[in-house]
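**Q** Input file: upload05.cif. Contents: mmCIF, C-alpha atoms.
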data_my_file
loop_
_atom_site.label_atom_id
_atom_site.label_comp_id
_atom_site.auth_asym_id
_atom_site.auth_seq_id
_atom_site.Cartn_x
_atom_site.Cartn_y
_atom_site.Cartn_z
CA MET C 1 10.45 22.70 148.32
CA SER C 2 10.51 20.24 145.46
CA THR C 3 7.98 17.48 144.94
CA GLU C 4 10.59 14.80 145.73
CA ALA C 5 11.53 16.51 148.97
CA ILE C 6 7.86 16.72 150.02
CA ARG C 7 7.44 13.01 149.22
CA GLN C 8 10.51 12.12 151.26
CA THR C 9 9.31 14.26 154.17
CA TYR C 10 5.63 13.26 154.43
CA VAL C 11 4.63 10.38 152.17
CA LEU C 12 7.36 7.84 152.91
CA PRO C 13 7.04 8.04 156.73
CA ASN C 14 3.30 7.53 156.40
CA GLU C 15 3.83 4.54 154.12
CA ARG C 16 6.36 3.04 156.52
CA GLU C 17 3.97 3.52 159.45
CA ARG C 18 1.16 1.91 157.48
CA GLN C 19 3.41 -1.04 156.57
CA ARG C 20 4.38 -1.50 160.22
CA ALA C 21 0.72 -1.43 161.24
CA GLN C 22 -0.11 -4.04 158.61
CA MET C 23 2.78 -6.18 159.79
CA ARG C 24 1.58 -5.99 163.42
CA LEU C 25 -1.91 -6.96 162.27
CA ARG C 26 -0.54 -9.97 160.37
CA VAL C 27 1.50 -11.05 163.40
CA ARG C 28 -1.51 -10.82 165.72
CA ARG C 29 -3.67 -12.71 163.24
CA ALA C 30 -1.02 -15.40 162.86
CA MET C 31 -0.79 -15.74 166.65
CA VAL C 32 -4.57 -16.16 166.87
CA TYR C 33 -4.43 -18.88 164.21
CA VAL C 34 -1.60 -20.65 166.02
CA VAL C 35 -3.48 -20.59 169.33
CA ALA C 36 -6.66 -21.83 167.61
CA VAL C 37 -4.78 -24.69 165.96
CA LEU C 38 -3.13 -25.67 169.26
CA LEU C 39 -6.48 -25.64 171.07
CA ALA C 40 -8.05 -27.74 168.31
CA ILE C 41 -5.22 -30.27 168.55
CA TRP C 42 -5.52 -30.30 172.35
CA ILE C 43 -9.24 -31.10 172.10
CA LEU C 44 -9.26 -33.39 169.05
CA LEU C 45 -6.24 -35.53 169.93
CA PRO C 46 -7.95 -37.37 172.83
CA ILE C 47 -11.10 -37.81 170.71
CA TRP C 48 -9.03 -39.29 167.88
CA LEU C 49 -7.18 -41.60 170.27
CA ILE C 50 -10.39 -42.84 171.91
CA THR C 51 -12.14 -43.43 168.58
CA ASN C 52 -9.07 -45.08 167.06
CA MET C 53 -8.60 -47.48 169.96
CA ALA C 54 -12.33 -48.24 170.28
CA PHE C 55 -12.37 -49.61 166.71
CA SER C 56 -9.04 -51.44 166.98
CA THR C 57 -8.41 -55.02 167.98
CA PRO C 58 -7.45 -55.66 171.62
CA ASP C 59 -3.90 -56.48 170.50
CA ALA C 60 -3.65 -53.17 168.62
CA VAL C 61 -4.88 -51.32 171.71
CA ARG C 62 -2.04 -52.76 173.76
CA ALA C 63 0.56 -52.23 171.01
CA PHE C 64 2.93 -49.26 170.80
CA PRO C 65 3.30 -47.06 168.84
CA LYS C 66 -0.34 -46.63 167.96
CA ALA C 67 -1.49 -46.74 164.34
CA PHE C 68 -3.00 -43.54 162.98
CA PHE C 69 -6.06 -45.47 161.75
CA PRO C 70 -7.35 -48.80 163.04
CA ASN C 71 -6.11 -51.58 160.79
CA PRO C 72 -8.10 -53.73 160.62
CA ILE C 73 -11.28 -52.04 161.86
CA SER C 74 -12.66 -54.22 164.62
CA LEU C 75 -15.71 -54.13 166.88
CA ASP C 76 -14.19 -56.56 169.36
CA SER C 77 -13.48 -53.92 172.02
CA LEU C 78 -16.97 -52.40 171.77
CA SER C 79 -18.57 -55.85 171.78
CA PHE C 80 -16.52 -56.86 174.84
CA PHE C 81 -17.58 -53.69 176.64
CA ILE C 82 -21.29 -54.05 175.86
CA ASN C 83 -21.32 -57.73 176.85
CA THR C 84 -19.57 -57.10 180.17
CA GLU C 85 -21.76 -57.94 183.16
CA GLY C 86 -23.78 -54.98 184.41
CA ILE C 87 -23.24 -52.72 181.40
CA ILE C 88 -26.69 -53.20 179.83
CA ARG C 89 -28.42 -52.63 183.16
CA ALA C 90 -26.32 -49.53 183.86
CA LEU C 91 -27.06 -48.28 180.33
CA GLY C 92 -30.79 -48.67 180.94
CA ASN C 93 -30.47 -46.78 184.24
CA SER C 94 -28.58 -43.96 182.54
CA ILE C 95 -31.19 -43.62 179.80
CA LEU C 96 -34.05 -43.70 182.32
CA VAL C 97 -32.45 -41.10 184.60
CA ALA C 98 -31.51 -38.85 181.68
CA VAL C 99 -35.03 -39.01 180.19
CA LEU C 100 -36.63 -38.23 183.57
CA THR C 101 -34.22 -35.33 184.03
CA LEU C 102 -35.00 -34.08 180.54
CA VAL C 103 -38.76 -34.16 181.10
CA ILE C 104 -38.73 -32.57 184.57
CA SER C 105 -36.18 -29.92 183.66
CA THR C 106 -37.94 -28.95 180.41
CA LEU C 107 -41.38 -28.71 182.06
CA ILE C 108 -39.95 -26.30 184.62
CA ALA C 109 -37.58 -24.42 182.32
CA VAL C 110 -40.07 -23.55 179.56
CA PRO C 111 -42.36 -21.32 181.68
CA ALA C 112 -39.40 -20.00 183.70
CA GLY C 113 -37.41 -19.16 180.58
CA TYR C 114 -40.44 -17.48 178.98
CA ALA C 115 -40.99 -15.32 182.06
CA ILE C 116 -37.34 -14.24 182.18
CA ALA C 117 -37.29 -13.46 178.46
CA ARG C 118 -40.61 -11.61 178.22
CA TYR C 119 -41.29 -9.86 181.53
CA ALA C 120 -39.20 -7.15 183.21
CA PHE C 121 -40.24 -7.78 186.82
CA ARG C 122 -38.55 -6.82 190.06
CA GLY C 123 -35.91 -9.35 191.05
CA ARG C 124 -35.43 -10.87 187.60
CA ASP C 125 -31.67 -10.37 187.67
CA ALA C 126 -31.51 -11.68 191.25
CA ILE C 127 -33.40 -14.83 190.22
CA ARG C 128 -31.08 -15.33 187.27
CA LEU C 129 -28.04 -14.89 189.53
CA ALA C 130 -29.50 -17.28 192.11
CA MET C 131 -29.97 -19.94 189.44
CA LEU C 132 -26.41 -19.51 188.23
CA SER C 133 -25.09 -19.69 191.78
CA VAL C 134 -26.27 -23.30 191.98
CA ARG C 135 -23.66 -24.15 189.32
CA ALA C 136 -21.01 -22.39 191.41
CA PHE C 137 -21.50 -24.71 194.39
CA PRO C 138 -19.48 -27.93 194.55
CA ILE C 139 -21.76 -30.82 193.76
CA VAL C 140 -20.99 -32.43 197.12
CA VAL C 141 -22.78 -29.49 198.81
CA LEU C 142 -26.01 -30.60 197.13
CA ALA C 143 -25.48 -34.35 196.90
CA VAL C 144 -24.63 -35.16 200.51
CA PRO C 145 -27.68 -33.49 202.13
CA LEU C 146 -29.95 -34.97 199.47
CA ALA C 147 -28.48 -38.42 200.08
CA VAL C 148 -29.30 -38.11 203.80
CA ILE C 149 -32.86 -36.95 203.02
CA PHE C 150 -33.44 -39.75 200.51
CA ILE C 151 -32.19 -42.38 202.97
CA ARG C 152 -34.53 -41.09 205.69
CA PHE C 153 -37.54 -41.19 203.36
CA GLY C 154 -36.66 -44.56 201.86
CA LEU C 155 -35.96 -43.11 198.41
CA TYR C 156 -32.26 -43.91 198.22
CA ASP C 157 -30.93 -45.77 195.16
CA GLN C 158 -33.93 -44.92 192.97
CA PRO C 159 -33.77 -43.48 189.42
CA ILE C 160 -36.25 -40.71 190.27
CA THR C 161 -34.11 -39.43 193.16
CA LEU C 162 -31.03 -39.21 190.94
CA ALA C 163 -33.15 -37.52 188.25
CA LEU C 164 -34.23 -34.89 190.79
CA MET C 165 -30.60 -34.30 191.69
CA HIS C 166 -29.62 -33.97 188.05
CA THR C 167 -32.56 -31.59 187.51
CA ALA C 168 -31.20 -29.31 190.22
CA LEU C 169 -27.82 -29.34 188.47
CA THR C 170 -29.06 -28.83 184.91
CA LEU C 171 -31.99 -26.48 185.48
CA PRO C 172 -29.99 -23.20 185.61
CA THR C 173 -28.35 -23.84 182.24
CA THR C 174 -31.59 -25.11 180.72
CA VAL C 175 -33.52 -22.04 181.84
CA LEU C 176 -30.92 -19.67 180.41
CA VAL C 177 -30.78 -21.48 177.07
CA ILE C 178 -34.56 -21.58 176.71
CA SER C 179 -34.93 -17.94 177.77
CA SER C 180 -32.44 -16.97 175.06
CA VAL C 181 -34.55 -18.89 172.53
CA PHE C 182 -37.74 -17.09 173.59
CA ALA C 183 -35.92 -13.74 173.53
CA SER C 184 -35.02 -14.36 169.88
CA VAL C 185 -38.72 -14.68 168.93
CA PRO C 186 -40.09 -11.17 168.20
CA TYR C 187 -42.74 -10.06 170.67
CA GLU C 188 -44.66 -8.49 167.77
CA PHE C 189 -45.76 -11.97 166.72
CA GLU C 190 -47.59 -12.43 170.02
CA GLU C 191 -49.13 -8.98 169.78
CA ALA C 192 -50.38 -9.70 166.25
CA ALA C 193 -51.92 -13.00 167.40
CA GLN C 194 -53.72 -11.28 170.28
CA ILE C 195 -55.00 -8.56 167.94
CA PHE C 196 -56.60 -11.32 165.82
CA GLY C 197 -58.39 -12.75 168.83
CA CYS C 198 -55.95 -15.11 170.57
CA THR C 199 -55.61 -15.09 174.32
CA PRO C 200 -52.05 -14.75 175.71
CA ILE C 201 -51.93 -18.50 176.34
CA GLN C 202 -53.16 -19.25 172.81
CA ALA C 203 -50.63 -16.83 171.34
CA PHE C 204 -47.90 -18.58 173.26
CA ALA C 205 -49.04 -22.09 172.32
CA ASN C 206 -49.82 -21.40 168.65
CA VAL C 207 -47.19 -18.81 167.71
CA VAL C 208 -44.24 -18.62 170.10
CA LEU C 209 -43.90 -22.26 171.09
CA PRO C 210 -43.68 -23.66 167.52
CA LEU C 211 -41.00 -21.10 166.67
CA ALA C 212 -39.06 -21.94 169.84
CA LEU C 213 -39.34 -25.73 169.54
CA PRO C 214 -35.93 -26.23 167.82
CA GLY C 215 -34.22 -24.32 170.62
CA ILE C 216 -36.19 -26.18 173.29
CA ALA C 217 -35.21 -29.46 171.65
CA ALA C 218 -31.56 -28.38 171.68
CA SER C 219 -31.90 -27.49 175.35
CA ALA C 220 -33.41 -30.90 176.02
CA ILE C 221 -30.42 -32.53 174.34
CA LEU C 222 -28.16 -30.44 176.59
CA THR C 223 -30.03 -31.64 179.67
CA PHE C 224 -29.84 -35.25 178.51
CA VAL C 225 -26.08 -35.06 177.95
CA LEU C 226 -25.39 -33.34 181.28
CA SER C 227 -27.33 -36.06 183.07
CA TRP C 228 -25.70 -38.77 180.94
CA ASN C 229 -22.18 -37.60 181.85
CA GLU C 230 -22.71 -36.84 185.54
CA VAL C 231 -20.87 -39.28 187.80
CA PHE C 232 -20.31 -37.93 191.33
CA ALA C 233 -23.95 -37.70 192.39
CA ALA C 234 -24.65 -40.99 190.61
CA ILE C 235 -22.05 -42.74 192.76
CA LEU C 236 -23.21 -41.06 195.97
CA LEU C 237 -26.94 -41.59 195.45
CA THR C 238 -26.91 -45.12 194.01
CA SER C 239 -25.46 -48.48 194.96
CA ASN C 240 -27.27 -51.29 193.14
CA ASN C 241 -28.87 -49.16 190.41
CA ARG C 242 -25.78 -47.35 189.19
CA THR C 243 -25.80 -45.37 185.98
CA LEU C 244 -23.31 -46.13 183.23
CA PRO C 245 -20.69 -43.48 184.21
CA ALA C 246 -20.86 -44.57 187.85
CA HIS C 247 -20.58 -48.25 186.90
CA ILE C 248 -17.61 -47.58 184.62
CA LEU C 249 -15.81 -45.51 187.25
CA TYR C 250 -16.46 -48.14 189.91
CA ASN C 251 -14.86 -50.83 187.74
CA LEU C 252 -12.19 -48.72 186.07
CA ASP C 253 -9.22 -49.84 188.16
CA LYS C 254 -10.09 -53.49 187.46
CA SER C 255 -10.64 -53.07 183.72
CA SER C 256 -8.40 -53.73 180.73
CA ASP C 257 -7.34 -51.05 178.24
CA PRO C 258 -9.79 -52.17 175.51
CA PHE C 259 -12.63 -51.87 178.03
CA LYS C 260 -11.52 -48.35 179.02
CA PHE C 261 -11.27 -47.06 175.45
CA ALA C 262 -14.59 -48.63 174.45
CA ALA C 263 -16.25 -47.14 177.52
CA ALA C 264 -14.80 -43.71 176.76
CA PHE C 265 -16.08 -43.88 173.18
CA PHE C 266 -19.50 -45.01 174.34
CA MET C 267 -19.71 -42.04 176.71
CA LEU C 268 -18.35 -39.63 174.10
CA VAL C 269 -20.95 -40.19 171.37
CA PRO C 270 -23.92 -38.37 173.00
CA THR C 271 -21.67 -35.40 173.80
CA MET C 272 -20.55 -35.09 170.18
CA ILE C 273 -24.17 -35.24 169.02
CA PHE C 274 -25.05 -32.54 171.53
CA ILE C 275 -22.26 -30.24 170.33
CA PHE C 276 -23.44 -30.60 166.74
CA PHE C 277 -27.07 -29.71 167.43
CA ILE C 278 -26.87 -27.09 170.17
CA ARG C 279 -23.73 -25.09 169.36
CA ARG C 280 -25.47 -22.08 167.82
CA TYR C 281 -27.87 -21.75 170.75
CA LEU C 282 -24.99 -21.76 173.24
CA PHE C 283 -23.07 -19.16 171.21
CA ASN C 284 -26.10 -16.84 171.15
CA MET C 285 -27.25 -17.46 174.72
CA TRP C 286 -25.59 -14.55 176.52
CA GLY C 287 -26.26 -12.00 173.80
CA SER C 288 -29.92 -12.89 173.32
CA ILE C 289 -30.88 -13.13 176.95
CA ASN C 290 -29.96 -9.51 177.63
CA LYS C 291 -31.97 -8.04 174.74
#
Let me see the structure of the file written as structure tokens.

**A**
Amino acid sequence: MSTEAIRQTYVLPNERERQRAQMRLRVRRAMVYVVAVLLAIWILLPIWLITNMAFSTPDAVRAFPKAFFPNPISLDSLSFFINTEGIIRALGNSILVAVLTLVISTLIAVPAGYAIARYAFRGRDAIRLAMLSVRAFPIVVLAVPLAVIFIRFGLYDQPITLALMHTALTLPTTVLVISSVFASVPYEFEEAAQIFGCTPIQAFANVVLPLALPGIAASAILTFVLSWNEVFAAILLTSNNRTLPAHILYNLDKSSDPFKFAAAFFMLVPTMIFIFFIRRYLFNMWGSINK
């Protein structure tokens, strides 16, 4: 058989198969890019609209079609929102509740996350699953019984009671994030510190904790944002001392469009800050915690 015949018989079919495989790979890659672009547009479009309208004049907010950029840039809508009666008080309540939730949740989550990350004890997976199951329950299952208990003990409509409720909601996620941070710190560092004379507590405080502080700070930001955005329990457990989301929702049907867009932007800012600082810890959470 001649060289040309061998090439026609074996080489060309292999080349055609390789070209088809490359074409299928390009098509799949293009589909992934298209889906990613559509998801980005789906997420970014509302953010752009809220930001655009928040910095537009009230007349521009009511106009149609909307301008792509605010022209002129105006703080009238944001100023109107901040100066609305009850907003400053609700803002203070939100900050107070979120800070209390942050402190309580972090104080509990740091030792719990360290134990889950470092010790292989009986029931560890069951405890982790039990914590996650709290997030699976509808919030009304937790909020309604707590509201009854708080009313009976005279603790209803207090920032601390809402902070305790938010702690119950945020603690599972906080523990998992912090445990993933501790799992990423090599255990050999603790062993080396103990060899040089440190007790286990000193090794934790002087070696592990400083290395884990950025992740703990990111987890604290997560807790703050979750408490900041929570609205159902805030409505159910407060009446006169409403948080900002609860106050906005209570007045939403009576509010103008500039007020709504300014309120949405005001609620959006902490979430965007949270995404910027904590994204890499969330991406690594599930992989690190199982090491």

**Q** Padding of 8 Å on every side, edges along x, y and z, all listed atoms of segment 125-142 of chain C included: what centre and edge lengths in Å, to one decimal, does that box have, as lines of an AutoDock Vina configuration file?

**A**
center_x = -26.4
center_y = -21.4
center_z = 193.0
size_x = 29.9
size_y = 38.1
size_z = 27.5

**Q** Applying the PyMOL selection byres ((chain C and resi 157) around 8) to the file I just gave you, which residues come out? Please list them as a count of residues only.

**A** 11

**Q** Convert the output of the PyMOL selection byres ((chain C and resi 191) around 12) on the shown file into explicit residues, formatted as a short mmCIF file (atom, residue, chain, number, x, y, z; two decimals) with C-alpha atoms, in the frame of the given file.

**A**
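Saved result, expr11.cif, follows:
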data_model
loop_
_atom_site.label_atom_id
_atom_site.label_comp_id
_atom_site.auth_asym_id
_atom_site.auth_seq_id
_atom_site.Cartn_x
_atom_site.Cartn_y
_atom_site.Cartn_z
CA VAL C 185 -38.72 -14.68 168.93
CA PRO C 186 -40.09 -11.17 168.20
CA TYR C 187 -42.74 -10.06 170.67
CA GLU C 188 -44.66 -8.49 167.77
CA PHE C 189 -45.76 -11.97 166.72
CA GLU C 190 -47.59 -12.43 170.02
CA ALA C 192 -50.38 -9.70 166.25
CA ALA C 193 -51.92 -13.00 167.40
CA GLN C 194 -53.72 -11.28 170.28
CA ILE C 195 -55.00 -8.56 167.94
CA PHE C 196 -56.60 -11.32 165.82
CA GLY C 197 -58.39 -12.75 168.83
CA CYS C 198 -55.95 -15.11 170.57
CA THR C 199 -55.61 -15.09 174.32
CA PRO C 200 -52.05 -14.75 175.71
CA ILE C 201 -51.93 -18.50 176.34
CA GLN C 202 -53.16 -19.25 172.81
CA ALA C 203 -50.63 -16.83 171.34
CA PHE C 204 -47.90 -18.58 173.26
CA VAL C 207 -47.19 -18.81 167.71
CA VAL C 208 -44.24 -18.62 170.10
#

**Q** Could you check the closest approach to Ala263 of chain C for each of C:Leu102, C:Ala246, C:Leu142, C:Ala109 and tell me which residue wins, using only C-alpha atoms?

**A** C:Ala246

**Q** Record the distance separating atom CA of Ala262 of chain C and atom CA of Ser77 of chain C, expressed in Å with one decimal.

**A**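 Atom CA of Ser77 of chain C lies at a distance of 5.9 Å from atom CA of Ala262 of chain C.
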
**Q** Using all atoms listed in the file for the distances, tell me which of C:Ala130, C:Ile95, C:Ala30, C:Ile87 is nearest to Ala163 of chain C.

**A** C:Ile95

**Q** For this file, the PyMOL selection byres ((chain C and resi 61) around 12) selects which residues, as a ChimeraX atom specification?

**A** /C:49-60,62-74,76-77,256-262

**Q** How many Å separate atom CA of Leu249 of chain C from atom CA of Thr223 of chain C?

**A**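 We find that atom CA of Leu249 of chain C and atom CA of Thr223 of chain C lie 21.3 Å from each other.
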
**Q** What is the distance between atom CA of Ser79 of chain C and atom CA of Leu236 of chain C, in Å to one decimal?

**A**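 Computing it gives 28.7 Å between the two atoms.
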
**Q** Within 10 Å of segment 266-277 of chain C, which residues of segment 70-165 of chain C show up? Give each one with its shortest atom-to-atom distance in Å (one decimal) and the two atoms involved, counting only C-alpha atoms, rows by chain then rising residue number, as a tab-separated table.

**A**
residue	atom	partner	partner_atom	distance
C:Leu78	CA	C:Phe266	CA	8.2
C:Phe81	CA	C:Phe266	CA	9.2
C:Ile82	CA	C:Phe266	CA	9.3

**Q** I'd like to know which of C:Thr170, C:Thr243, C:Ser219, C:Ser133 is closest to Arg89 of chain C, using all atoms listed in the file.

**A**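 Looking at the shortest contact to Arg89 of chain C, the residue is C:Thr243.
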
**Q** Neighbourhood query: residues within 10 Å of (-38.6, -20.8, 182.0), file coordinates, counting only C-alpha atoms; return as a PyMOL selection string.

**A** chain C and resi 105-117+171-172+174-179+182

**Q** For Ile235 of chain C, which residue out of C:Asn83, C:Thr101, C:Ala36, C:Ala143 is the nearest one, using only C-alpha atoms?

**A**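 Smallest separation from Ile235 of chain C among the options: C:Ala143.
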
**Q** Neighbouring residues of Arg242 of chain C were defined as those with any atom within 7 Å, considering all atoms listed in the file; residues of the same chain fewer than 5 positions away were excluded. Please report them as a CSV table (one decimal) with C-alpha atoms, in the frame of the given file.

**A**
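The resulting file, out_28.csv, is reproduced below:
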chain,number,residue,atom,x,y,z
C,90,ALA,CA,-26.3,-49.5,183.9
C,93,ASN,CA,-30.5,-46.8,184.2
C,234,ALA,CA,-24.6,-41.0,190.6
C,235,ILE,CA,-22.0,-42.7,192.8
C,247,HIS,CA,-20.6,-48.2,186.9

**Q** My list of candidates is C:Val140, C:Leu211, C:Ala126, C:Ile160. Which is closest to Val97 of chain C when distances are computed with only C-alpha atoms?

**A**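 Using only C-alpha atoms, the shortest distance to Val97 of chain C belongs to C:Ile160.
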